[in-house]
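final00.txt (compact mmCIF, C-alpha atoms and all ligand atoms)
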# COMPACT_ATOMS: atom_id res chain seq x y z
CA MET A 136 -0.84 16.62 20.88
CA THR A 137 -0.58 13.27 19.10
CA THR A 138 -1.54 10.16 21.03
CA ILE A 139 -0.36 6.63 20.45
CA ALA A 140 -3.12 4.12 21.17
CA THR A 141 -3.23 0.35 21.09
CA LEU A 142 -5.12 -2.65 22.50
CA GLY A 143 -3.91 -3.90 25.89
CA SER A 144 -2.25 -7.17 24.93
CA HIS A 145 0.52 -8.63 22.71
CA CYS A 146 3.18 -5.86 22.64
CA SER A 147 1.22 -2.91 24.03
CA LEU A 148 3.65 -2.23 26.88
CA GLN A 149 6.59 -1.91 24.55
CA VAL A 150 4.63 0.25 22.10
CA LEU A 151 3.39 2.68 24.74
CA LYS A 152 6.69 2.88 26.60
CA GLY A 153 8.41 3.69 23.30
CA ALA A 154 5.80 6.33 22.48
CA LYS A 155 6.21 7.93 25.92
CA ASP A 156 9.99 8.00 25.49
CA GLU A 157 9.39 9.93 22.27
CA GLY A 158 7.29 12.47 24.18
CA LEU A 159 3.92 11.35 22.83
CA LYS A 160 0.71 10.87 24.80
CA THR A 161 -0.31 7.24 25.37
CA MET A 162 -3.71 5.56 25.55
CA LEU A 163 -4.56 1.93 26.09
CA VAL A 164 -7.79 0.17 25.17
CA CYS A 165 -8.00 -2.13 28.16
CA GLU A 166 -10.31 -5.02 28.98
CA LYS A 167 -11.80 -4.65 32.46
CA LYS A 168 -10.20 -7.87 33.63
CA ARG A 169 -6.70 -6.55 32.81
CA GLU A 170 -7.09 -3.10 34.36
CA GLY A 171 -5.03 -4.06 37.42
CA LEU A 172 -2.14 -5.18 35.28
CA TYR A 173 -1.95 -2.11 33.09
CA ARG A 174 -2.39 0.39 35.94
CA ARG A 175 1.04 -0.72 37.14
CA PHE A 176 2.74 1.14 34.30
CA PRO A 177 3.11 4.90 34.73
CA PHE A 178 3.91 5.51 31.06
CA ILE A 179 0.27 4.78 30.16
CA ASP A 180 -1.50 8.15 30.35
CA GLU A 181 -5.10 6.99 29.86
CA LEU A 182 -7.06 3.77 29.80
CA ILE A 183 -10.22 3.24 27.77
CA ILE A 184 -11.91 0.46 29.69
CA VAL A 185 -14.01 -1.98 27.64
CA ASP A 186 -15.71 -5.31 28.37
CA SER A 187 -14.21 -6.79 25.26
CA PHE A 188 -11.85 -5.37 22.64
CA ARG A 189 -14.52 -5.29 19.95
CA ASP A 190 -16.34 -2.60 21.95
CA PHE A 191 -13.67 -0.11 20.98
CA LEU A 192 -15.15 -0.07 17.47
CA ASP A 193 -18.18 1.79 18.92
CA GLU A 194 -18.81 5.37 17.87
CA LYS A 195 -18.16 6.55 21.42
CA HIS A 196 -14.69 5.08 21.77
CA GLN A 197 -13.72 5.95 18.22
CA SER A 198 -14.60 9.60 18.83
CA THR A 199 -12.62 9.65 22.11
CA LEU A 200 -9.63 8.42 20.18
CA LEU A 201 -10.18 10.91 17.37
CA GLN A 202 -10.49 13.79 19.85
CA ASN A 203 -7.13 12.74 21.23
CA ASN A 204 -5.48 12.80 17.81
CA ALA A 205 -4.76 9.12 18.22
CA VAL A 206 -2.79 6.92 15.89
CA LEU A 207 -3.71 3.27 16.46
CA ILE A 208 -0.89 0.73 16.42
CA PRO A 209 -2.27 -2.58 15.11
CA HIS A 210 -0.90 -5.86 16.47
CA GLY A 211 -1.70 -9.57 16.56
CA THR A 212 -4.58 -9.25 19.02
CA LEU A 213 -6.41 -6.80 16.77
CA ILE A 214 -6.11 -9.24 13.88
CA ALA A 215 -7.02 -12.29 15.94
CA GLN A 216 -10.12 -10.72 17.45
CA MET A 217 -11.53 -8.60 14.65
CA SER A 218 -12.56 -9.33 11.09
CA SER A 219 -10.84 -7.61 8.18
CA GLU A 220 -14.04 -5.61 7.56
CA GLU A 221 -14.04 -4.39 11.16
CA ILE A 222 -10.39 -3.40 10.98
CA GLU A 223 -10.95 -1.57 7.71
CA SER A 224 -13.88 0.31 9.26
CA ILE A 225 -11.75 1.81 12.06
CA LYS A 226 -12.07 5.60 11.92
CA VAL A 227 -8.88 6.45 13.78
CA PRO A 228 -5.74 6.58 11.61
CA VAL A 229 -4.07 3.17 11.73
CA PHE A 230 -0.27 3.08 11.71
CA GLY A 231 1.13 1.36 8.60
CA ASN A 232 -1.35 -0.07 6.11
CA LYS A 233 -4.64 -1.43 7.46
CA TRP A 234 -5.53 -2.82 4.01
CA ILE A 235 -2.62 -5.23 4.04
CA LEU A 236 -3.87 -6.85 7.25
CA ARG A 237 -6.51 -8.68 5.18
CA TRP A 238 -3.65 -10.16 3.18
CA GLU A 239 -2.17 -11.44 6.42
CA SER A 240 -5.43 -13.04 7.62
CA ASP A 241 -6.49 -14.78 4.43
CA ARG A 242 -4.32 -17.79 3.56
CA GLU A 243 -4.78 -17.59 -0.21
CA MET A 244 -4.10 -13.85 -0.32
CA LYS A 245 -1.12 -14.37 1.93
CA GLU A 246 0.38 -16.94 -0.39
CA LYS A 247 -0.23 -14.67 -3.38
CA LEU A 248 1.65 -11.76 -1.84
CA MET A 249 4.51 -14.02 -0.76
CA ARG A 250 4.84 -15.34 -4.31
CA GLU A 251 4.68 -11.79 -5.68
CA ALA A 252 7.62 -11.01 -3.37
CA SER A 253 9.49 -14.09 -4.71
CA LEU A 254 9.71 -15.55 -1.22
CA PRO A 255 10.48 -19.28 -1.25
CA VAL A 256 7.21 -20.69 0.09
CA PRO A 257 6.41 -24.33 1.00
CA THR A 258 4.27 -26.17 -1.55
CA PRO A 259 0.56 -25.87 -0.71
CA ILE A 260 -1.58 -29.02 -0.89
CA ALA A 261 -5.05 -28.34 -2.26
CA ASP A 262 -6.64 -31.67 -1.37
CA PRO A 263 -5.95 -33.95 1.64
CA LYS A 264 -5.92 -36.85 -0.87
CA ASP A 265 -2.64 -35.47 -2.21
CA ILE A 266 -0.77 -35.70 1.10
CA ASP A 267 2.21 -37.91 0.34
CA LYS A 268 4.83 -36.33 2.61
CA LEU A 269 4.87 -34.60 5.97
CA VAL A 270 2.54 -31.58 5.96
CA ILE A 271 1.41 -28.98 8.45
CA VAL A 272 -2.29 -28.16 8.64
CA LYS A 273 -3.15 -24.59 9.59
CA ARG A 274 -6.14 -22.54 10.52
CA GLN A 275 -7.07 -19.16 9.01
CA GLY A 276 -6.00 -15.90 10.63
CA ALA A 277 -3.50 -15.21 13.37
CA ALA A 278 -4.41 -18.23 15.47
CA GLY A 279 -0.91 -18.31 16.95
CA GLY A 280 -0.46 -21.95 15.97
CA LYS A 281 -3.31 -23.21 18.17
CA GLY A 282 -5.10 -26.11 16.50
CA TYR A 283 -2.34 -26.62 13.92
CA PHE A 284 -1.25 -30.20 13.34
CA MET A 285 1.06 -32.33 11.27
CA ALA A 286 -0.03 -35.20 9.06
CA ALA A 287 1.76 -37.69 6.86
CA SER A 288 -1.18 -39.14 4.92
CA GLU A 289 -4.85 -38.52 4.15
CA GLN A 290 -5.94 -40.98 6.87
CA ASP A 291 -3.68 -39.31 9.39
CA TYR A 292 -5.17 -35.93 8.40
CA ILE A 293 -8.77 -37.15 8.77
CA LYS A 294 -8.07 -38.76 12.16
CA LYS A 295 -6.40 -35.69 13.66
CA ARG A 296 -8.95 -33.27 12.23
CA GLU A 297 -11.77 -35.36 13.73
CA GLN A 298 -10.01 -35.42 17.07
CA LEU A 299 -9.60 -31.63 17.13
CA ILE A 300 -13.26 -31.16 16.18
CA GLN A 301 -14.29 -33.46 19.06
CA GLU A 302 -12.08 -31.50 21.44
CA GLY A 303 -13.81 -28.30 20.27
CA ILE A 304 -10.52 -26.77 19.09
CA ILE A 305 -11.60 -26.42 15.46
CA SER A 306 -15.06 -26.41 13.93
CA LYS A 307 -16.41 -28.77 11.28
CA GLU A 308 -16.97 -25.93 8.82
CA GLU A 309 -13.50 -24.48 9.14
CA THR A 310 -11.43 -24.57 5.93
CA LEU A 311 -7.98 -25.74 6.83
CA TYR A 312 -4.87 -24.85 4.89
CA ILE A 313 -2.33 -27.58 4.16
CA GLN A 314 1.28 -27.02 3.21
CA GLU A 315 4.48 -29.03 3.07
CA TYR A 316 6.33 -29.16 6.37
CA ALA A 317 9.69 -27.35 6.16
CA ALA A 318 12.26 -28.66 8.64
CA GLY A 319 15.13 -26.56 9.98
CA VAL A 320 16.01 -23.73 12.34
CA LEU A 321 13.10 -21.37 12.92
CA ALA A 322 13.82 -17.70 12.28
CA TYR A 323 11.35 -14.82 12.44
CA LEU A 324 12.91 -11.88 10.61
CA GLN A 325 11.75 -8.51 11.93
CA TYR A 326 11.87 -5.38 9.78
CA PHE A 327 10.72 -1.77 9.66
CA TYR A 328 10.09 0.10 6.45
CA SER A 329 9.88 3.86 6.65
CA PRO A 330 7.95 5.58 3.85
CA LEU A 331 9.41 8.85 5.18
CA SER A 332 13.02 7.87 4.52
CA GLY A 333 12.23 5.26 1.85
CA GLU A 334 14.53 2.84 3.72
CA LEU A 335 14.18 -0.67 4.96
CA GLU A 336 15.68 -1.41 8.38
CA PHE A 337 16.42 -4.89 9.67
CA PHE A 338 15.58 -4.94 13.37
CA GLY A 339 16.18 -8.44 14.65
CA VAL A 340 15.36 -12.11 14.70
CA ASP A 341 13.44 -14.17 17.18
CA GLN A 342 12.42 -17.74 17.65
CA ARG A 343 9.07 -18.88 18.91
CA HIS A 344 8.65 -21.48 21.57
CA GLU A 345 5.58 -23.54 20.85
CA SER A 346 3.82 -26.02 23.04
CA ASP A 347 3.26 -28.95 22.68
CA ILE A 348 5.53 -29.41 19.69
CA GLU A 349 8.70 -28.18 21.38
CA GLY A 350 8.26 -30.39 24.42
CA LEU A 351 7.84 -33.50 22.28
CA GLY A 352 11.51 -33.49 21.31
CA ARG A 353 12.38 -34.17 24.94
CA ILE A 354 10.41 -37.40 25.08
CA PRO A 355 11.72 -40.70 23.73
CA SER A 356 10.02 -41.64 20.45
CA GLU A 357 8.19 -44.72 21.86
CA GLN A 358 6.53 -42.45 24.44
CA GLN A 359 5.76 -39.86 21.76
CA LEU A 360 3.86 -42.51 19.84
CA LYS A 361 1.77 -43.27 22.94
CA THR A 362 0.57 -39.67 23.39
CA THR A 363 -3.05 -39.54 22.32
CA LYS A 364 -3.27 -35.74 22.09
CA VAL A 365 -2.65 -34.01 18.76
CA PRO A 366 0.36 -31.78 19.57
CA SER A 367 -0.32 -28.11 18.92
CA PHE A 368 1.92 -25.17 17.93
CA ASN A 369 0.62 -22.74 20.54
CA VAL A 370 3.13 -19.92 21.08
CA ILE A 371 4.29 -19.58 24.69
CA GLY A 372 7.14 -17.15 24.34
CA ASN A 373 10.04 -15.92 22.21
CA SER A 374 13.79 -15.85 22.45
CA PRO A 375 16.48 -13.91 20.56
CA LEU A 376 18.58 -15.17 17.70
CA VAL A 377 21.42 -13.68 15.71
CA LEU A 378 22.18 -14.94 12.24
CA ARG A 379 25.42 -15.80 10.55
CA GLU A 380 26.56 -12.51 9.08
CA SER A 381 26.78 -14.11 5.64
CA LEU A 382 23.00 -14.51 5.68
CA LEU A 383 22.25 -10.81 6.19
CA ASP A 384 22.46 -9.75 2.55
CA GLU A 385 19.72 -12.20 1.63
CA VAL A 386 17.68 -11.06 4.64
CA TYR A 387 17.74 -7.47 3.34
CA ASN A 388 16.91 -8.63 -0.18
CA MET A 389 13.90 -10.59 1.01
CA GLY A 390 12.65 -7.61 3.01
CA GLU A 391 13.10 -5.25 0.08
CA ASN A 392 11.35 -7.62 -2.31
CA PHE A 393 8.48 -7.83 0.12
CA VAL A 394 8.20 -4.05 0.41
CA GLU A 395 8.26 -3.67 -3.39
CA ALA A 396 5.66 -6.42 -3.89
CA ALA A 397 3.35 -4.89 -1.29
CA LYS A 398 3.57 -1.51 -3.06
CA ARG A 399 2.42 -3.17 -6.30
CA VAL A 400 -0.34 -5.25 -4.75
CA VAL A 401 -1.87 -3.33 -1.86
CA ALA A 402 -1.32 0.44 -1.71
CA PRO A 403 0.30 2.20 0.06
CA GLY A 404 2.48 -0.90 0.62
CA MET A 405 4.24 -2.42 3.60
CA ASN A 406 4.81 0.62 5.78
CA GLY A 407 6.04 0.26 9.35
CA PRO A 408 7.03 -2.97 11.11
CA PHE A 409 6.61 -6.42 9.58
CA CYS A 410 8.02 -9.91 9.90
CA ILE A 411 8.95 -12.70 7.50
CA GLU A 412 8.76 -16.06 9.19
CA GLY A 413 10.37 -19.31 8.18
CA VAL A 414 13.12 -21.88 8.59
CA TYR A 415 16.71 -22.29 7.47
CA ASP A 416 17.56 -25.81 6.29
CA GLU A 417 20.89 -27.60 6.52
CA ASN A 418 22.21 -25.62 3.53
CA ALA A 419 21.13 -22.33 5.14
CA LYS A 420 18.39 -22.08 2.51
CA PHE A 421 15.41 -20.14 3.81
CA THR A 422 11.80 -21.26 3.33
CA SER A 423 9.17 -18.76 4.36
CA PHE A 424 5.82 -20.02 5.59
CA GLU A 425 4.31 -16.82 6.89
CA PHE A 426 4.46 -13.05 7.19
CA SER A 427 3.01 -10.59 9.66
CA ALA A 428 2.17 -7.19 8.22
CA ARG A 429 2.53 -5.34 11.54
CA ILE A 430 4.59 -5.45 14.72
CA VAL A 431 5.14 -8.99 16.05
CA ALA A 432 5.28 -9.92 19.73
CA GLY A 433 8.74 -11.35 19.12
CA THR A 434 10.06 -7.76 19.16
CA ASN A 435 9.24 -7.71 22.91
CA ILE A 436 12.57 -9.40 23.57
CA TYR A 437 14.40 -6.28 22.40
CA MET A 438 12.81 -3.59 24.59
CA ASP A 439 16.26 -2.13 25.27
CA GLY A 440 17.22 -2.26 21.60
CA SER A 441 18.22 -5.09 19.30
CA PRO A 442 21.68 -6.16 18.13
CA TYR A 443 20.98 -4.96 14.58
CA TYR A 444 19.42 -1.62 15.64
CA SER A 445 22.48 -0.90 17.76
CA LEU A 446 24.32 -0.83 14.41
CA LEU A 447 21.89 1.73 13.00
CA PHE A 448 21.13 3.95 16.00
CA ASN A 449 23.49 5.35 18.62
CA GLU A 450 20.82 4.96 21.28
CA GLN A 451 18.64 2.18 22.67
CA MET A 452 15.84 1.71 20.17
CA SER A 453 12.98 -0.73 20.61
CA MET A 454 10.44 -1.37 17.86
CA GLY A 455 7.88 0.51 19.98
CA LYS A 456 10.19 3.51 20.17
CA ARG A 457 10.92 3.29 16.43
CA ILE A 458 7.18 3.51 15.75
CA GLY A 459 6.92 6.49 18.11
CA ARG A 460 9.85 8.15 16.33
CA GLU A 461 8.22 7.68 12.93
CA VAL A 462 4.94 9.20 14.16
CA LYS A 463 6.76 12.10 15.79
CA THR A 464 8.77 12.81 12.63
CA ALA A 465 5.65 12.60 10.46
CA VAL A 466 3.77 15.02 12.73
CA GLU A 467 6.66 17.49 12.78
CA THR A 468 6.97 17.42 8.99
CA ASN A 469 3.24 17.32 8.24
CA GLN A 470 3.31 13.85 6.67
CA ILE A 471 1.00 11.84 8.91
CA GLU A 472 -1.01 10.61 5.88
CA LYS A 473 2.13 9.01 4.56
CA ILE A 474 2.48 6.67 7.54
CA THR A 475 -1.16 5.90 8.33
CA THR A 476 -4.27 4.56 6.57
P1 LIG A 501 2.20 -19.74 11.45
O1 LIG A 501 0.86 -19.41 12.02
O2 LIG A 501 2.16 -19.99 9.98
O3 LIG A 501 3.24 -18.72 11.86
O4 LIG A 501 2.68 -21.12 12.08
C1 LIG A 501 2.81 -21.34 13.45
C2 LIG A 501 3.96 -22.28 13.66
O5 LIG A 501 3.80 -23.47 12.92
C3 LIG A 501 5.29 -21.72 13.21
O6 LIG A 501 5.87 -20.91 14.19
C4 LIG A 501 6.10 -22.97 12.95
O7 LIG A 501 6.62 -23.57 14.13
C5 LIG A 501 5.07 -23.91 12.41
N1 LIG A 501 5.01 -23.90 10.95
C6 LIG A 501 4.15 -23.23 10.17
N2 LIG A 501 4.32 -23.52 8.88
C7 LIG A 501 5.30 -24.42 8.81
C8 LIG A 501 5.93 -25.14 7.74
N3 LIG A 501 5.52 -25.02 6.48
N4 LIG A 501 6.91 -25.98 8.05
C9 LIG A 501 7.31 -26.13 9.33
N5 LIG A 501 6.76 -25.52 10.37
C10 LIG A 501 5.77 -24.67 10.13
Take the structure in the file and give it back as structure tokens.
Ligand code: AMP
Amino acid sequence: MTTIATLGSHCSLQVLKGAKDEGLKTMLVCEKKREGLYRRFPFIDELIIVDSFRDFLDEKHQSTLLQNNAVLIPHGTLIAQMSSEEIESIKVPVFGNKWILRWESDREMKEKLMREASLPVPTPIADPKDIDKLVIVKRQGAAGGKGYFMAASEQDYIKKREQLIQEGIISKEETLYIQEYAAGVLAYLQYFYSPLSGELEFFGVDQRHESDIEGLGRIPSEQQLKTTKVPSFNVIGNSPLVLRESLLDEVYNMGENFVEAAKRVVAPGMNGPFCIEGVYDENAKFTSFEFSARIVAGTNIYMDGSPYYSLLFNEQMSMGKRIGREVKTAVETNQIEKITT
């Protein structure tokens, strides 16, 4: 029997519940400290208890997973806690394309793939000396916005970077990535591409709620100026969004361009769930500052199905269940290599 396995964090509950609903076995790699939490959920068949997630890379745990015919579902925690080399060394079949995860973690590679997909990206700024408008300064990898900051000049950049180093949030050696700040309505576009059907599905949209930046808007500007802390973009939660229907055609086009670009650049392409993240400006023009090449936690808001999936499926379909369905179909038709790497 095929098992769906994932790390206990991020969107693991949704993924395993969806797998169970599809009749698959479920396994969770669980940190000791979270055992109590995950034992509450009867749809998790087995726990692999580890001290820290990296331990699951050990021979022992990898062979347990292999013996269980596991397919590993990668998510943000895997990327945040493991290097690209470690992810690529995983022996268990990884759902989607594990090679593209490196393109998500590395800022330069990320920008290259986004340009290849003709996504409208904000202008990158190579040198802090060239900051002459509002920019956002980012860290490498899936840091979830922690330690990001805005700057309007080189001096501003230096001051805030120093402050974050002093606070131990970033290190002196860390290469930071600077890009133009794009103002507008945040929209995180969630998709699923099935190499089995050759079709792109649009699943839904979410917004992220980020502290401190979101709270700042509630404070009068004189008080904002008095705050000494550099406001961060740390994600606290997500909420749903539906788009003007007139925007949907472009949403599909962007997703399809991304899938095609990924096929050209990093075989076997962008299989499974992914997300294009950005903002719509006052003319409803989209600027994309980021992509995630795997399931995003923002899909957690649609555990009973999303507005757009209710147009495609006559049943409640979460992203977790959609993944389970794809695995089940691939197993039944002997095509598991097509959906895993
Ligand atoms: P990221 O890690 O790139 O997803 O960025 C984390 C958060 O920073 C996003 O959710 C946005 O709120 C914000 N952000 C990132 N890039 C930009 C940008 N170029 N313009 C405006 N906001 C941005």
Per residue of chain A within 9 Å of ligand LIG 501 (chain A), which atom pair is closest and at what distance in Å (one decimal), using all atoms listed in the file, listed by chain and increasing number, as a Markdown table?
| residue | atom | partner | partner_atom | distance |
| --- | --- | --- | --- | --- |
| A:Val256 | CA | A:LIG501 | N3 | 7.9 |
| A:Pro257 | CA | A:LIG501 | N3 | 5.6 |
| A:Thr258 | CA | A:LIG501 | N3 | 8.2 |
| A:Pro259 | CA | A:LIG501 | N3 | 8.8 |
| A:Val270 | CA | A:LIG501 | N3 | 7.2 |
| A:Ile271 | CA | A:LIG501 | C8 | 6.0 |
| A:Val272 | CA | A:LIG501 | N2 | 8.1 |
| A:Lys273 | CA | A:LIG501 | O1 | 7.0 |
| A:Arg274 | CA | A:LIG501 | O1 | 7.8 |
| A:Gln275 | CA | A:LIG501 | O1 | 8.5 |
| A:Gly276 | CA | A:LIG501 | O1 | 7.8 |
| A:Ala277 | CA | A:LIG501 | O1 | 6.2 |
| A:Ala278 | CA | A:LIG501 | O1 | 6.4 |
| A:Gly279 | CA | A:LIG501 | O1 | 5.4 |
| A:Gly280 | CA | A:LIG501 | C1 | 4.2 |
| A:Lys281 | CA | A:LIG501 | C1 | 8.0 |
| A:Tyr283 | CA | A:LIG501 | O5 | 7.0 |
| A:Phe284 | CA | A:LIG501 | O5 | 8.4 |
| A:Met285 | CA | A:LIG501 | N5 | 8.9 |
| A:Ile313 | CA | A:LIG501 | N3 | 8.6 |
| A:Gln314 | CA | A:LIG501 | N3 | 5.7 |
| A:Glu315 | CA | A:LIG501 | N3 | 5.4 |
| A:Tyr316 | CA | A:LIG501 | N4 | 3.6 |
| A:Ala317 | CA | A:LIG501 | N4 | 3.6 |
| A:Ala318 | CA | A:LIG501 | C9 | 5.6 |
| A:Gly319 | CA | A:LIG501 | C9 | 7.9 |
| A:Leu321 | CA | A:LIG501 | O7 | 6.9 |
| A:Ala322 | CA | A:LIG501 | O6 | 8.8 |
| A:Tyr323 | CA | A:LIG501 | O6 | 8.4 |
| A:Gln342 | CA | A:LIG501 | O6 | 8.1 |
| A:Arg343 | CA | A:LIG501 | O6 | 6.1 |
| A:His344 | CA | A:LIG501 | O6 | 7.9 |
| A:Glu345 | CA | A:LIG501 | O7 | 6.8 |
| A:Ile348 | CA | A:LIG501 | O7 | 8.1 |
| A:Glu349 | CA | A:LIG501 | O7 | 8.8 |
| A:Ser367 | CA | A:LIG501 | O5 | 8.6 |
| A:Phe368 | CA | A:LIG501 | C2 | 5.5 |
| A:Asn369 | CA | A:LIG501 | C1 | 7.6 |
| A:Val370 | CA | A:LIG501 | O6 | 7.5 |
| A:Glu412 | CA | A:LIG501 | O3 | 6.7 |
| A:Gly413 | CA | A:LIG501 | C7 | 7.2 |
| A:Val414 | CA | A:LIG501 | C9 | 7.2 |
| A:Thr422 | CA | A:LIG501 | N3 | 8.0 |
| A:Ser423 | CA | A:LIG501 | N3 | 7.6 |
| A:Phe424 | CA | A:LIG501 | N2 | 5.0 |
| A:Glu425 | CA | A:LIG501 | O2 | 4.9 |
| A:Phe426 | CA | A:LIG501 | O3 | 7.4 |
| A:Ser427 | CA | A:LIG501 | O3 | 8.4 |
Checklist line | Nearest residue to A:Glu170 from the set A:Pro228, A:Asp186, A:Ser240, A:Pro403 (distances using all atoms listed in the file) | finding: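 Looking only at the distances to A:Glu170, the closest residue turns out to be A:Asp186.
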Next item on the list: Point out the residue among A:Leu331, A:Val340, A:Val227, A:Val386 with the least atom-to-atom distance to A:Leu201, counting only C-alpha atoms.
Entry: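 Looking at the shortest contact to A:Leu201, the residue is A:Val227.
Shortest atom-to-atom contact with A:Asp347 among A:Ile371, A:Leu236, A:Ala252, A:Ile436: A:Ile371, counting only C-alpha atoms.
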Notebook entry, point to check: How far is it from atom CA of A:Glu243 to atom CA of A:Gln301, in Å with one decimal?
Noted result: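 The value is 26.7 Å.
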Notebook entry, point to check: Which residue gives the smallest distance to A:Ile471 among A:Gln216, A:Thr137, A:Trp234, A:Ser198, with all atoms listed in the file counted?
Noted result: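 Closest to A:Ile471 of all the choices is A:Thr137.
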Find the axis-aligned box for stretch 155-164 of chain A, covering all its listed atoms and adding 3 Å on each side, and write its centre and edge lengths in Å to one decimal as lines of an AutoDock Vina configuration file.
center_x = 1.1
center_y = 6.3
center_z = 24.2
size_x = 23.8
size_y = 18.3
size_z = 9.8
Margin query: When you count all atoms listed in the file, which of these residues is closest to A:Val150: A:Val164, A:Ile208, A:Leu213, A:Val377?
Written below: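 Among A:Val164, A:Ile208, A:Leu213, A:Val377, it is A:Ile208 that comes nearest to A:Val150.
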Notebook entry, point to check: Could you name the residues that touch A:Leu335 at 10 Å or less, counting only C-alpha atoms, but leaving out those on the same chain fewer than 2 positions away, as a ChimeraX atom specification?
Noted result: /A:326-330,332-333,337-338,387-388,390-391,394,406-408
Checklist line | Top pick for closest residue to A:Ile139, considering A:Ala402, A:Ile304, A:Leu382, A:Ile458 and counting all atoms listed in the file | finding: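 Distance minimum relative to A:Ile139 lands on A:Ile458.
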Item checked: Non-local contacts of A:Phe191 (12 Å; only C-alpha atoms; under 6 positions in same chain excluded) as an NGL selection string -> :A and (140-143 or 163-166 or 182-185 or 197-200 or 207 or 213 or 216-217 or 221-222 or 224-227)
Write a file of the just-selected residues containing C-alpha atoms, as a compact mmCIF listing (two decimals), keeping the file's coordinate frame.
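Written output follows (again38.txt):
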# COMPACT_ATOMS: atom_id res chain seq x y z
CA ALA A 140 -3.12 4.12 21.17
CA THR A 141 -3.23 0.35 21.09
CA LEU A 142 -5.12 -2.65 22.50
CA GLY A 143 -3.91 -3.90 25.89
CA LEU A 163 -4.56 1.93 26.09
CA VAL A 164 -7.79 0.17 25.17
CA CYS A 165 -8.00 -2.13 28.16
CA GLU A 166 -10.31 -5.02 28.98
CA LEU A 182 -7.06 3.77 29.80
CA ILE A 183 -10.22 3.24 27.77
CA ILE A 184 -11.91 0.46 29.69
CA VAL A 185 -14.01 -1.98 27.64
CA GLN A 197 -13.72 5.95 18.22
CA SER A 198 -14.60 9.60 18.83
CA THR A 199 -12.62 9.65 22.11
CA LEU A 200 -9.63 8.42 20.18
CA LEU A 207 -3.71 3.27 16.46
CA LEU A 213 -6.41 -6.80 16.77
CA GLN A 216 -10.12 -10.72 17.45
CA MET A 217 -11.53 -8.60 14.65
CA GLU A 221 -14.04 -4.39 11.16
CA ILE A 222 -10.39 -3.40 10.98
CA SER A 224 -13.88 0.31 9.26
CA ILE A 225 -11.75 1.81 12.06
CA LYS A 226 -12.07 5.60 11.92
CA VAL A 227 -8.88 6.45 13.78
Next item on the list: Please provide as a PyMOL selection string all residues within 12 Å of A:Ser306, with the sequence filter that same-chain residues fewer than 6 positions apart are discarded (counting only C-alpha atoms).
Entry: chain A and resi 274-275+282+296-300
Next item on the list: Could you please determine the separation between atom CA of A:Met389 and atom CA of A:Phe448 in Å, to one decimal place?
Entry: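 Going from atom CA of A:Met389 over to atom CA of A:Phe448, I get 22.1 Å.
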Note to self: To one decimal place in Å, what is the distance between atom CA of A:Leu376 and atom CA of A:Asp341?
What the structure shows: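 Value for the atom CA of A:Leu376-atom CA of A:Asp341 distance: 5.3 Å.
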